[in-house]
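Below is my_file.pdb, holding PDB, C-alpha atoms.
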```
ATOM      1  CA  MET N 428    -141.940  96.492 -80.692
ATOM      2  CA  LYS N 429    -144.281  98.066 -83.161
ATOM      3  CA  ALA N 430    -147.824  96.602 -83.042
ATOM      4  CA  GLN N 431    -148.883  94.659 -86.114
ATOM      5  CA  PRO N 432    -152.038  95.719 -87.952
ATOM      6  CA  PRO N 433    -155.013  93.342 -87.686
ATOM      7  CA  THR N 434    -155.302  90.705 -90.428
ATOM      8  CA  CYS N 435    -159.126  90.905 -90.696
ATOM      9  CA  GLY N 436    -160.086  90.942 -94.365
ATOM     10  CA  ARG N 437    -156.778  89.566 -95.608
ATOM     11  CA  PHE N 438    -156.533  86.097 -97.192
ATOM     12  CA  SER N 439    -154.244  83.771 -95.214
ATOM     13  CA  LEU N 440    -151.504  82.060 -97.235
ATOM     14  CA  VAL N 441    -151.835  78.993 -94.970
ATOM     15  CA  ALA N 442    -155.560  78.689 -95.753
ATOM     16  CA  ALA N 443    -154.861  79.042 -99.488
ATOM     17  CA  GLY N 444    -152.285  76.279 -99.356
ATOM     18  CA  PHE N 445    -154.741  73.970 -97.567
ATOM     19  CA  TRP N 446    -157.415  74.286-100.271
ATOM     20  CA  VAL N 447    -154.873  73.840-103.105
ATOM     21  CA  VAL N 448    -153.632  70.579-101.574
ATOM     22  CA  LEU N 449    -157.185  69.382-100.963
ATOM     23  CA  LEU N 450    -158.333  69.903-104.572
ATOM     24  CA  VAL N 451    -155.164  68.730-106.303
ATOM     25  CA  LEU N 452    -154.372  65.528-104.396
ATOM     26  CA  PRO N 453    -156.121  62.267-105.541
ATOM     27  CA  GLY N 454    -159.167  61.446-103.467
ATOM     28  CA  GLY N 455    -160.222  65.021-102.989
ATOM     29  CA  GLU N 456    -163.266  64.513-105.202
ATOM     30  CA  LEU N 457    -164.297  61.375-103.316
ATOM     31  CA  PHE N 458    -163.949  63.221-100.004
ATOM     32  CA  ALA N 459    -166.180  66.010-101.259
ATOM     33  CA  GLN N 460    -168.820  63.529-102.400
ATOM     34  CA  ASN N 461    -168.770  61.526 -99.172
ATOM     35  CA  SER N 462    -169.027  64.640 -97.048
ATOM     36  CA  SER N 463    -172.406  65.416 -98.627
ATOM     37  CA  ILE N 464    -173.965  62.051 -97.831
ATOM     38  CA  SER N 465    -176.467  62.009 -94.981
ATOM     39  CA  PRO N 466    -177.193  58.444 -93.745
ATOM     40  CA  ALA N 467    -180.849  57.447 -93.464
ATOM     41  CA  LYS N 468    -180.139  55.833 -90.080
ATOM     42  CA  SER N 469    -177.116  56.350 -87.882
ATOM     43  CA  GLY N 470    -177.004  52.638 -87.076
ATOM     44  CA  ASP N 471    -177.174  51.438 -90.695
ATOM     45  CA  GLU N 472    -174.448  48.871 -91.385
ATOM     46  CA  SER N 473    -173.841  50.293 -94.876
ATOM     47  CA  PHE N 474    -172.436  53.476 -93.352
ATOM     48  CA  SER N 475    -170.360  51.774 -90.672
ATOM     49  CA  LYS N 476    -168.392  49.472 -93.000
ATOM     50  CA  PRO N 477    -164.982  50.881 -93.964
ATOM     51  CA  GLY N 478    -164.363  51.111 -97.679
ATOM     52  CA  THR N 479    -168.048  51.261 -98.677
ATOM     53  CA  LEU N 480    -168.422  52.612-102.200
ATOM     54  CA  VAL N 481    -170.380  55.804-102.707
ATOM     55  CA  SER N 482    -172.727  54.047-105.161
ATOM     56  CA  GLU N 483    -173.474  51.273-102.626
ATOM     57  CA  VAL N 484    -174.248  53.799 -99.920
ATOM     58  CA  ALA N 485    -176.553  55.708-102.223
ATOM     59  CA  ASP N 486    -178.470  52.519-103.102
ATOM     60  CA  THR N 487    -178.979  51.682 -99.434
ATOM     61  CA  ALA N 488    -180.080  55.185 -98.543
ATOM     62  CA  SER N 489    -182.662  55.234-101.338
ATOM     63  CA  ALA N 490    -184.144  51.782-100.566
ATOM     64  CA  GLU N 491    -187.817  51.957 -99.513
ATOM     65  CA  PHE N 492    -188.808  50.335 -96.215
ATOM     66  CA  VAL N 493    -192.443  49.796 -95.268
ATOM     67  CA  PRO N 494    -194.261  48.405 -92.207
ATOM     68  CA  GLU N 495    -194.449  44.615 -92.256
ATOM     69  CA  TYR N 496    -198.051  44.740 -90.974
ATOM     70  CA  ARG N 497    -200.413  47.674 -90.872
ATOM     71  CA  ARG N 498    -203.913  46.733 -89.746
ATOM     72  CA  ALA N 499    -205.557  44.022 -87.648
ATOM     73  CA  MET N 500    -209.135  42.769 -87.893
ATOM     74  CA  ILE N 501    -210.899  41.555 -84.756
ATOM     75  CA  ILE N 502    -213.305  38.664 -85.363
ATOM     76  CA  PRO N 503    -215.807  38.385 -82.454
ATOM     77  CA  PHE N 504    -216.754  35.011 -81.012
ATOM     78  CA  ASP N 505    -219.654  33.134 -82.549
ATOM     79  CA  MET N 506    -222.473  32.953 -79.990
ATOM     80  CA  THR N 507    -222.427  29.178 -80.431
ATOM     81  CA  TYR N 508    -219.175  29.218 -78.439
ATOM     82  CA  TYR N 509    -220.377  31.412 -75.586
ATOM     83  CA  LEU N 510    -220.485  29.486 -72.297
ATOM     84  CA  SER N 511    -221.592  31.024 -68.997
ATOM     85  CA  ASP N 512    -223.124  29.993 -65.696
ATOM     86  CA  ALA N 513    -223.434  33.611 -64.518
ATOM     87  CA  ASP N 514    -225.956  35.042 -66.990
ATOM     88  CA  HIS N 515    -229.000  34.701 -64.718
ATOM     89  CA  ASP N 516    -227.240  36.461 -61.836
ATOM     90  CA  LEU N 517    -226.013  39.217 -64.165
ATOM     91  CA  ALA N 518    -229.431  39.639 -65.812
ATOM     92  CA  LYS N 519    -231.238  39.847 -62.477
ATOM     93  CA  TYR N 520    -228.830  42.360 -60.951
ATOM     94  CA  ASN N 521    -228.665  44.612 -64.049
ATOM     95  CA  HIS N 522    -232.364  44.319 -65.017
ATOM     96  CA  LYS N 523    -231.518  43.028 -68.478
ATOM     97  CA  THR N 524    -232.568  40.060 -70.575
ATOM     98  CA  LEU N 525    -230.175  37.197 -71.223
ATOM     99  CA  PRO N 526    -229.629  38.231 -74.891
ATOM    100  CA  GLN N 527    -228.851  41.784 -73.746
ATOM    101  CA  ILE N 528    -226.257  40.503 -71.281
ATOM    102  CA  GLN N 529    -224.643  38.304 -73.918
ATOM    103  CA  GLN N 530    -224.488  40.954 -76.646
ATOM    104  CA  THR N 531    -223.151  43.565 -74.221
ATOM    105  CA  LEU N 532    -220.340  41.199 -73.260
ATOM    106  CA  ARG N 533    -219.633  40.398 -76.917
ATOM    107  CA  TYR N 534    -219.391  44.029 -78.045
ATOM    108  CA  SER N 535    -217.431  45.138 -74.990
ATOM    109  CA  LEU N 536    -214.831  42.401 -75.365
ATOM    110  CA  ASP N 537    -214.444  43.244 -79.057
ATOM    111  CA  GLY N 538    -213.915  46.913 -78.197
ATOM    112  CA  ASN N 539    -211.328  46.143 -75.525
ATOM    113  CA  VAL N 540    -209.311  43.956 -77.897
ATOM    114  CA  ALA N 541    -209.427  46.711 -80.541
ATOM    115  CA  ALA N 542    -208.223  49.284 -78.005
ATOM    116  CA  SER N 543    -205.240  47.094 -77.085
ATOM    117  CA  VAL N 544    -204.424  46.443 -80.749
ATOM    118  CA  MET N 545    -204.228  50.178 -81.457
ATOM    119  CA  ASP N 546    -201.121  50.450 -79.308
ATOM    120  CA  LEU N 547    -199.385  48.545 -82.145
ATOM    121  CA  TYR N 548    -201.492  48.720 -85.320
ATOM    122  CA  SER N 549    -204.694  50.248 -86.608
ATOM    123  CA  ALA N 550    -207.736  48.050 -85.967
ATOM    124  CA  HIS N 551    -210.916  47.134 -87.823
ATOM    125  CA  ARG N 552    -213.972  45.901 -85.890
ATOM    126  CA  ILE N 553    -215.996  43.913 -88.381
ATOM    127  CA  ILE N 554    -218.760  43.477 -85.795
ATOM    128  CA  LEU N 555    -219.623  47.165 -86.295
ATOM    129  CA  ASP N 556    -220.017  46.952 -90.065
ATOM    130  CA  THR N 557    -223.603  45.700 -90.065
ATOM    131  CA  LEU N 558    -226.159  44.060 -87.803
ATOM    132  CA  PRO N 559    -224.664  41.088 -85.913
ATOM    133  CA  ASP N 560    -226.612  38.398 -87.797
ATOM    134  CA  LYS N 561    -226.715  40.151 -91.182
ATOM    135  CA  ASN N 562    -223.025  40.521 -91.947
ATOM    136  CA  PRO N 563    -222.083  38.262 -94.888
ATOM    137  CA  ASP N 564    -218.361  38.954 -94.514
ATOM    138  CA  LEU N 565    -218.399  37.942 -90.856
ATOM    139  CA  MET N 566    -220.147  34.727 -91.889
ATOM    140  CA  ARG N 567    -217.425  34.260 -94.518
ATOM    141  CA  LEU N 568    -214.791  34.369 -91.765
ATOM    142  CA  TYR N 569    -216.683  31.879 -89.597
ATOM    143  CA  ALA N 570    -216.928  29.552 -92.597
ATOM    144  CA  ALA N 571    -213.159  29.818 -93.233
ATOM    145  CA  VAL N 572    -212.286  28.112 -89.933
ATOM    146  CA  ARG N 573    -213.317  25.088 -87.923
ATOM    147  CA  TYR N 574    -213.359  25.166 -84.162
ATOM    148  CA  ARG N 575    -211.820  22.408 -82.090
ATOM    149  CA  TYR N 576    -209.928  22.025 -78.827
ATOM    150  CA  SER N 577    -206.172  22.010 -79.280
ATOM    151  CA  SER N 578    -202.854  22.511 -77.507
ATOM    152  CA  PRO N 579    -201.654  26.121 -77.016
ATOM    153  CA  TRP N 580    -199.351  27.659 -79.570
ATOM    154  CA  GLY N 581    -197.160  30.752 -79.522
ATOM    155  CA  VAL N 582    -195.712  33.176 -77.020
ATOM    156  CA  ASN N 583    -197.727  32.035 -73.988
ATOM    157  CA  ALA N 584    -197.533  28.280 -74.606
ATOM    158  CA  ALA N 585    -194.307  27.560 -72.692
ATOM    159  CA  LEU N 586    -196.003  25.405 -70.063
ATOM    160  CA  SER N 587    -197.918  23.315 -72.565
ATOM    161  CA  PRO N 588    -196.676  19.706 -72.565
ATOM    162  CA  ALA N 589    -197.239  19.552 -76.320
ATOM    163  CA  GLY N 590    -196.479  23.170 -77.204
ATOM    164  CA  SER N 591    -195.148  22.478 -80.684
ATOM    165  CA  GLN N 592    -198.169  23.081 -82.849
ATOM    166  CA  PRO N 593    -201.965  23.123 -82.590
ATOM    167  CA  GLY N 594    -203.434  19.653 -82.628
ATOM    168  CA  ALA N 595    -200.493  17.970 -80.941
ATOM    169  CA  GLN N 596    -201.886  15.568 -78.377
ATOM    170  CA  PRO N 597    -200.645  15.726 -74.787
ATOM    171  CA  SER N 598    -199.350  12.481 -73.343
ATOM    172  CA  GLY N 599    -199.475  10.926 -69.894
ATOM    173  CA  PRO N 600    -201.865  11.829 -67.079
ATOM    174  CA  ALA N 601    -202.637  15.257 -68.588
ATOM    175  CA  ASP N 602    -204.472  13.633 -71.495
ATOM    176  CA  ALA N 603    -208.146  14.494 -71.067
ATOM    177  CA  GLY N 604    -209.155  11.258 -72.792
ATOM    178  CA  ALA N 605    -207.369   9.033 -70.252
ATOM    179  CA  GLU N 606    -209.779   9.533 -67.321
ATOM    180  CA  ASN N 607    -209.973   6.571 -64.950
ATOM    181  CA  PRO N 608    -213.413   4.874 -65.171
ATOM    182  CA  PHE N 609    -213.829   5.037 -61.383
ATOM    183  CA  SER N 610    -212.988   8.741 -61.436
ATOM    184  CA  ALA N 611    -215.604   9.283 -64.124
ATOM    185  CA  ILE N 612    -218.234   7.486 -62.017
ATOM    186  CA  GLY N 613    -217.291   9.542 -58.964
ATOM    187  CA  ARG N 614    -217.500  12.758 -60.949
ATOM    188  CA  TRP N 615    -220.950  11.807 -62.268
ATOM    189  CA  VAL N 616    -222.190  11.090 -58.724
ATOM    190  CA  ARG N 617    -220.858  14.405 -57.425
ATOM    191  CA  GLU N 618    -222.525  16.289 -60.285
ATOM    192  CA  LYS N 619    -225.876  14.625 -59.595
ATOM    193  CA  THR N 620    -225.729  15.133 -55.825
ATOM    194  CA  GLY N 621    -224.243  18.612 -55.833
ATOM    195  CA  GLY N 622    -221.017  17.318 -54.377
ATOM    196  CA  GLU N 623    -219.001  19.583 -56.690
ATOM    197  CA  GLN N 624    -220.109  22.497 -54.504
ATOM    198  CA  THR N 625    -219.225  20.827 -51.171
ATOM    199  CA  LEU N 626    -216.102  22.249 -49.549
ATOM    200  CA  PRO N 627    -213.983  20.849 -46.701
ATOM    201  CA  GLU N 628    -214.945  22.157 -43.272
ATOM    202  CA  ASP N 629    -211.448  23.526 -42.712
ATOM    203  CA  ASP N 630    -211.458  25.447 -46.017
ATOM    204  CA  GLN N 631    -210.510  29.085 -45.465
ATOM    205  CA  PRO N 632    -211.051  32.179 -47.641
ATOM    206  CA  ASP N 633    -208.213  33.068 -49.993
ATOM    207  CA  PRO N 634    -206.435  36.115 -48.491
ATOM    208  CA  TYR N 635    -204.482  36.764 -51.701
ATOM    209  CA  PHE N 636    -207.419  36.929 -54.097
ATOM    210  CA  LYS N 637    -207.432  40.003 -56.319
ATOM    211  CA  GLU N 638    -210.229  40.738 -58.759
ATOM    212  CA  GLY N 639    -209.092  41.177 -62.333
ATOM    213  CA  ALA N 640    -205.852  39.284 -61.713
ATOM    214  CA  LEU N 641    -204.647  37.332 -64.715
ATOM    215  CA  LEU N 642    -204.405  33.609 -64.001
ATOM    216  CA  GLY N 643    -201.083  32.109 -65.037
ATOM    217  CA  PRO N 644    -200.878  29.411 -67.737
ATOM    218  CA  LEU N 645    -201.787  25.923 -66.535
ATOM    219  CA  GLU N 646    -199.923  22.806 -67.586
ATOM    220  CA  GLY N 647    -202.010  20.488 -69.760
ATOM    221  CA  ARG N 648    -204.563  23.153 -70.640
ATOM    222  CA  ARG N 649    -206.526  23.058 -73.905
ATOM    223  CA  PHE N 650    -208.046  25.947 -75.826
ATOM    224  CA  MET N 651    -210.748  26.382 -78.436
ATOM    225  CA  HIS N 652    -208.764  26.907 -81.650
ATOM    226  CA  ALA N 653    -210.003  28.444 -84.916
ATOM    227  CA  GLU N 654    -208.215  26.167 -87.376
ATOM    228  CA  LEU N 655    -207.911  27.853 -90.763
ATOM    229  CA  ILE N 656    -209.312  25.683 -93.557
ATOM    230  CA  SER N 657    -209.728  28.367 -96.229
ATOM    231  CA  PRO N 658    -206.636  30.646 -96.352
ATOM    232  CA  GLU N 659    -207.887  32.421 -99.477
ATOM    233  CA  ALA N 660    -210.592  34.009 -97.327
ATOM    234  CA  LEU N 661    -207.925  36.075 -95.586
ATOM    235  CA  THR N 662    -206.620  37.271 -98.961
ATOM    236  CA  TYR N 663    -210.142  38.518 -99.722
ATOM    237  CA  PHE N 664    -210.165  40.599 -96.533
ATOM    238  CA  TYR N 665    -206.682  41.948 -97.202
ATOM    239  CA  GLU N 666    -207.766  43.131-100.640
ATOM    240  CA  ASN N 667    -211.122  44.570 -99.505
ATOM    241  CA  TYR N 668    -210.389  45.818 -95.990
ATOM    242  CA  GLY N 669    -206.618  46.335 -96.002
ATOM    243  CA  THR N 670    -206.229  44.042 -92.985
ATOM    244  CA  ASP N 671    -203.132  41.838 -92.857
ATOM    245  CA  LEU N 672    -203.512  40.491 -89.284
ATOM    246  CA  PHE N 673    -206.552  38.595 -87.979
ATOM    247  CA  ILE N 674    -207.438  38.086 -84.317
ATOM    248  CA  PHE N 675    -210.080  35.389 -83.893
ATOM    249  CA  VAL N 676    -211.770  35.597 -80.491
ATOM    250  CA  ASN N 677    -213.010  32.013 -80.492
ATOM    251  CA  GLN N 678    -214.815  31.615 -77.197
ATOM    252  CA  LEU N 679    -215.907  33.542 -74.114
ATOM    253  CA  GLU N 680    -216.271  31.329 -71.071
ATOM    254  CA  ILE N 681    -217.581  32.398 -67.641
ATOM    255  CA  ARG N 682    -217.434  29.679 -65.005
ATOM    256  CA  THR N 683    -217.810  29.753 -61.228
ATOM    257  CA  ASN N 684    -215.084  27.721 -59.551
ATOM    258  CA  TYR N 685    -216.785  26.252 -56.474
ATOM    259  CA  ALA N 686    -213.493  24.718 -55.361
ATOM    260  CA  HIS N 687    -212.015  28.210 -54.868
ATOM    261  CA  CYS N 688    -213.803  29.723 -51.860
ATOM    262  CA  LEU N 689    -213.374  33.431 -51.204
ATOM    263  CA  ASP N 690    -215.780  33.813 -48.278
ATOM    264  CA  ARG N 691    -217.755  30.896 -46.833
ATOM    265  CA  ALA N 692    -220.035  33.177 -44.771
ATOM    266  CA  THR N 693    -221.371  34.953 -47.856
ATOM    267  CA  GLY N 694    -221.040  32.014 -50.251
ATOM    268  CA  THR N 695    -218.540  33.860 -52.418
ATOM    269  CA  PHE N 696    -216.395  31.942 -54.913
ATOM    270  CA  ALA N 697    -213.937  32.753 -57.670
ATOM    271  CA  ARG N 698    -215.528  33.351 -61.055
ATOM    272  CA  GLU N 699    -213.196  32.522 -63.933
ATOM    273  CA  ILE N 700    -213.600  34.548 -67.135
ATOM    274  CA  SER N 701    -211.644  33.046 -70.040
ATOM    275  CA  ILE N 702    -210.925  34.086 -73.614
ATOM    276  CA  HIS N 703    -209.838  31.563 -76.256
ATOM    277  CA  TYR N 704    -208.120  33.101 -79.297
ATOM    278  CA  SER N 705    -206.112  32.461 -82.496
ATOM    279  CA  ILE N 706    -204.002  35.000 -84.446
ATOM    280  CA  TYR N 707    -203.077  34.743 -88.156
ATOM    281  CA  ASP N 708    -201.539  36.958 -90.807
ATOM    282  CA  ARG N 709    -202.981  37.317 -94.311
ATOM    283  CA  PHE N 710    -200.894  34.397 -95.601
ATOM    284  CA  GLY N 711    -202.412  32.030 -93.037
ATOM    285  CA  LYS N 712    -199.358  32.006 -90.773
ATOM    286  CA  LEU N 713    -200.400  31.217 -87.187
ATOM    287  CA  PHE N 714    -198.736  33.487 -84.618
ATOM    288  CA  ALA N 715    -200.493  32.440 -81.417
ATOM    289  CA  GLY N 716    -203.392  30.436 -80.027
ATOM    290  CA  ASP N 717    -204.226  30.023 -76.362
ATOM    291  CA  VAL N 718    -206.685  30.656 -73.540
ATOM    292  CA  VAL N 719    -206.234  33.401 -70.924
ATOM    293  CA  THR N 720    -208.218  33.732 -67.691
ATOM    294  CA  VAL N 721    -208.919  36.373 -65.047
ATOM    295  CA  LEU N 722    -210.588  35.932 -61.658
ATOM    296  CA  VAL N 723    -213.591  37.931 -60.456
ATOM    297  CA  SER N 724    -215.690  37.465 -57.334
ATOM    298  CA  SER N 725    -218.969  35.599 -57.879
ATOM    299  CA  ASN N 726    -220.668  38.338 -55.809
ATOM    300  CA  THR N 727    -219.594  41.014 -58.308
ATOM    301  CA  ASN N 728    -222.666  41.161 -60.547
ATOM    302  CA  ASP N 729    -222.643  44.729 -61.817
ATOM    303  CA  LEU N 730    -222.158  43.986 -65.531
ATOM    304  CA  TYR N 731    -220.044  47.057 -66.237
ATOM    305  CA  GLU N 732    -217.865  46.473 -63.186
ATOM    306  CA  VAL N 733    -217.292  42.868 -64.306
ATOM    307  CA  MET N 734    -216.287  44.032 -67.802
ATOM    308  CA  ALA N 735    -214.036  46.777 -66.413
ATOM    309  CA  LEU N 736    -212.244  44.273 -64.171
ATOM    310  CA  ALA N 737    -211.899  41.418 -66.654
ATOM    311  CA  PHE N 738    -211.688  42.653 -70.229
ATOM    312  CA  PRO N 739    -208.680  45.059 -70.213
ATOM    313  CA  PRO N 740    -206.188  42.477 -68.847
ATOM    314  CA  LEU N 741    -207.691  39.749 -71.048
ATOM    315  CA  ALA N 742    -207.434  41.936 -74.157
ATOM    316  CA  ALA N 743    -203.830  42.873 -73.368
ATOM    317  CA  ALA N 744    -202.939  39.183 -72.954
ATOM    318  CA  VAL N 745    -204.527  38.329 -76.311
ATOM    319  CA  VAL N 746    -202.743  41.158 -78.134
ATOM    320  CA  SER N 747    -199.394  40.017 -76.695
ATOM    321  CA  GLY N 748    -199.581  37.247 -79.306
ATOM    322  CA  LEU N 749    -199.307  39.744 -82.183
ATOM    323  CA  PRO N 750    -195.963  40.126 -83.977
ATOM    324  CA  ALA N 751    -193.981  43.194 -82.943
ATOM    325  CA  PRO N 752    -194.112  46.081 -85.461
ATOM    326  CA  ARG N 753    -191.091  46.314 -87.744
ATOM    327  CA  TYR N 754    -190.077  47.643 -91.175
ATOM    328  CA  VAL N 755    -189.084  45.481 -94.128
ATOM    329  CA  ARG N 756    -187.809  46.242 -97.611
ATOM    330  CA  ALA N 757    -190.691  47.036 -99.966
ATOM    331  CA  GLY N 758    -191.929  44.085-101.988
ATOM    332  CA  LYS N 759    -190.616  41.515 -99.513
ATOM    333  CA  PRO N 760    -193.349  40.961 -96.887
ATOM    334  CA  GLY N 761    -192.620  38.600 -94.041
ATOM    335  CA  GLU N 762    -188.792  38.875 -94.223
TER     336      GLU N 762
END
```

Would it be possible to restate this file's structure as structure tokens?
Amino acid sequence: MKAQPPTCGRFSLVAAGFWVVLLVLPGGELFAQNSSISPAKSGDESFSKPGTLVSEVADTASAEFVPEYRRAMIIPFDMTYYLSDADHDLAKYNHKTLPQIQQTLRYSLDGNVAASVMDLYSAHRIILDTLPDKNPDLMRLYAAVRYRYSSPWGVNAALSPAGSQPGAQPSGPADAGAENPFSAIGRWVREKTGGEQTLPEDDQPDPYFKEGALLGPLEGRRFMHAELISPEALTYFYENYGTDLFIFVNQLEIRTNYAHCLDRATGTFAREISIHYSIYDRFGKLFAGDVVTVLVSSNTNDLYEVMALAFPPLAAAVVSGLPAPRYVRAGKPGE
């Protein structure tokens, strides 16, 4: 059989017929248009629905989506709400004055919270704007809230007996106002005689203690809440600072728990470091409010070691109350 010459360069009649059918049959124009559309997101429902009109797809693809929240402001605790029984030990060990110890703790905690926030949003530290006692905008924030003990609220409040909203009163034995009169008298006697520090003879050191470990939520706990009484103040900060989330660090509490012995021979106990916080958005919506605690040895008095052990896990626990980042359609915040 005689070999056939190669067809390279010749136009195939089959290919010509294909293009004629494609352009002449109804729907060819629609196919051409649809083939040029590139979906904004592969998982968008508009592109997965059969029979979606080209105009509808185009509208969806051109819609503008923006972050729901962009920037968080960290409001440091007012020194009025700083409570500590460890300052003298820390000051003596670190050769600092009490005010130096307190301000170092305040600035370091603020910085740790900001560092944790920046995993999700940009952060603004208002404490750095001016001198601590000469910042009128920080005073404006303090004046916009009132501090009071309340029930936990938000993501970490599952074990709260009244975890519906701040201010809800716990019922039953957990109610702090229902203390038995005889128990109150006994507590007063123990405080006066030092009995709070007396441990049973058979008390043994805790073999599972780990410094910097986050203490789990306790049933019936209360936290120092920053209750918003002037929501328009947050609008002011949104307009002037571009912040749409607000993390109020309400109280820093350092307390030695003499009922939790770590080592009787050296007189070492568990030192509880607690942060009370409230989180709002610019509209005054409350996302979370609670208290979180870590444990540190009472014999750990190097100030920077204490901060390195306690503040990173505390800051991460506080920031867990922030809303997760997401995108919403422009002009419709909070959807």

Got a sec: who's within 8 Å of range 711-717 of chain N, counting only C-alpha atoms, leaving out chain neighbours fewer than 4 positions off, as a ChimeraX atom specification? /N:578-584,593,649-652,655,658,661,703-707,748-750

When you draw a straight line from CA of Asn667 in chain N to CA of Leu536 in chain N, how long is it in Å?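 Between these atoms lies a distance of 24.5 Å.
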
One number please: CA of Leu510 in chain N to CA of Met545 in chain N, in Å, one decimal.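 These atoms are spaced 27.9 Å apart.
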
What are the closest atom pairs, with distances in Å to one decimal, for all residues of range 508-591 of chain N lying within 9 Å of range 671-678 of chain N? Consider all atoms listed in the file, order rows by chain and residue number, and present the result as JSON lines.
```
{"residue": "N:Tyr508", "atom": "CA", "partner": "N:Gln678", "partner_atom": "CA", "distance": 5.1}
{"residue": "N:Tyr509", "atom": "CA", "partner": "N:Gln678", "partner_atom": "CA", "distance": 5.8}
{"residue": "N:Leu510", "atom": "CA", "partner": "N:Gln678", "partner_atom": "CA", "distance": 7.8}
{"residue": "N:Asp537", "atom": "CA", "partner": "N:Val676", "partner_atom": "CA", "distance": 8.2}
{"residue": "N:Val540", "atom": "CA", "partner": "N:Ile674", "partner_atom": "CA", "distance": 8.9}
{"residue": "N:Tyr574", "atom": "CA", "partner": "N:Asn677", "partner_atom": "CA", "distance": 7.8}
```

So which residues get picked by the PyMOL selection byres ((chain N and resi 532) around 10) here, written as an MDAnalysis selection string? chainID N and resid 526:531 533:538 679 730:731 733:734 738

Would you list the residues near (-222.5, 44.9, -61.5), meaning any protein, DNA or RNA residue with an atom at most 12 Å from that point in file coordinates, counting all atoms listed in the file, as a list of chain:residue names?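 Residues close enough to count: N:Ala513, N:Asp514, N:Asp516, N:Leu517, N:Ala518, N:Lys519, N:Tyr520, N:Asn521, N:His522, N:Lys523, N:Ile528, N:Val723, N:Ser724, N:Ser725, N:Asn726, N:Thr727, N:Asn728, N:Asp729, N:Leu730, N:Tyr731, N:Glu732, N:Val733, N:Met734, N:Ala735, N:Leu736.
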
What are the nearest atom pairs, with distances in Å to one decimal, for all residues of range 656-743 of chain N that come at most 8 Å from range 640-647 of chain N, using only C-alpha atoms, set out by chain and rising residue number as CSV?
```
residue,atom,partner,partner_atom,distance
N:Val719,CA,N:Leu642,CA,7.2
N:Thr720,CA,N:Leu642,CA,5.3
N:Val721,CA,N:Leu641,CA,4.4
N:Leu722,CA,N:Ala640,CA,5.8
N:Val723,CA,N:Ala640,CA,8.0
N:Pro740,CA,N:Leu641,CA,6.8
N:Leu741,CA,N:Leu641,CA,7.4
```

Tell me, in Å to one decimal, how far CA of Ala692 in chain N is from CA of Ser511 in chain N. 24.4 Å

So which one's closest to Ser549 in chain N, N:Ala499, N:Val755, N:Glu699, N:Gly669? Using all atoms listed in the file, please.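 Result for the nearest residue to Ser549 in chain N: N:Ala499.
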
Considering all atoms listed in the file, return as an mmCIF file with C-alpha atoms, in the coordinates of the input whatever protein or nucleic-acid residues lie within 9 Å of Leu568 in chain N, sequence-local ones (same chain, fewer than 5 positions apart) excluded.
```cif
data_model
loop_
_atom_site.group_PDB
_atom_site.id
_atom_site.type_symbol
_atom_site.label_atom_id
_atom_site.label_comp_id
_atom_site.auth_asym_id
_atom_site.auth_seq_id
_atom_site.Cartn_x
_atom_site.Cartn_y
_atom_site.Cartn_z
ATOM 1 C CA ILE N 502 -213.305 38.664 -85.363
ATOM 2 C CA PRO N 563 -222.083 38.262 -94.888
ATOM 3 C CA ALA N 660 -210.592 34.009 -97.327
ATOM 4 C CA LEU N 661 -207.925 36.075 -95.586
#
```

With only C-alpha atoms as the basis for distance, which of N:Asp505, N:Glu491, N:Asp690, N:Glu638 is at the shortest distance from Ala570 in chain N?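 Selected residue with least distance to Ala570 in chain N: N:Asp505.
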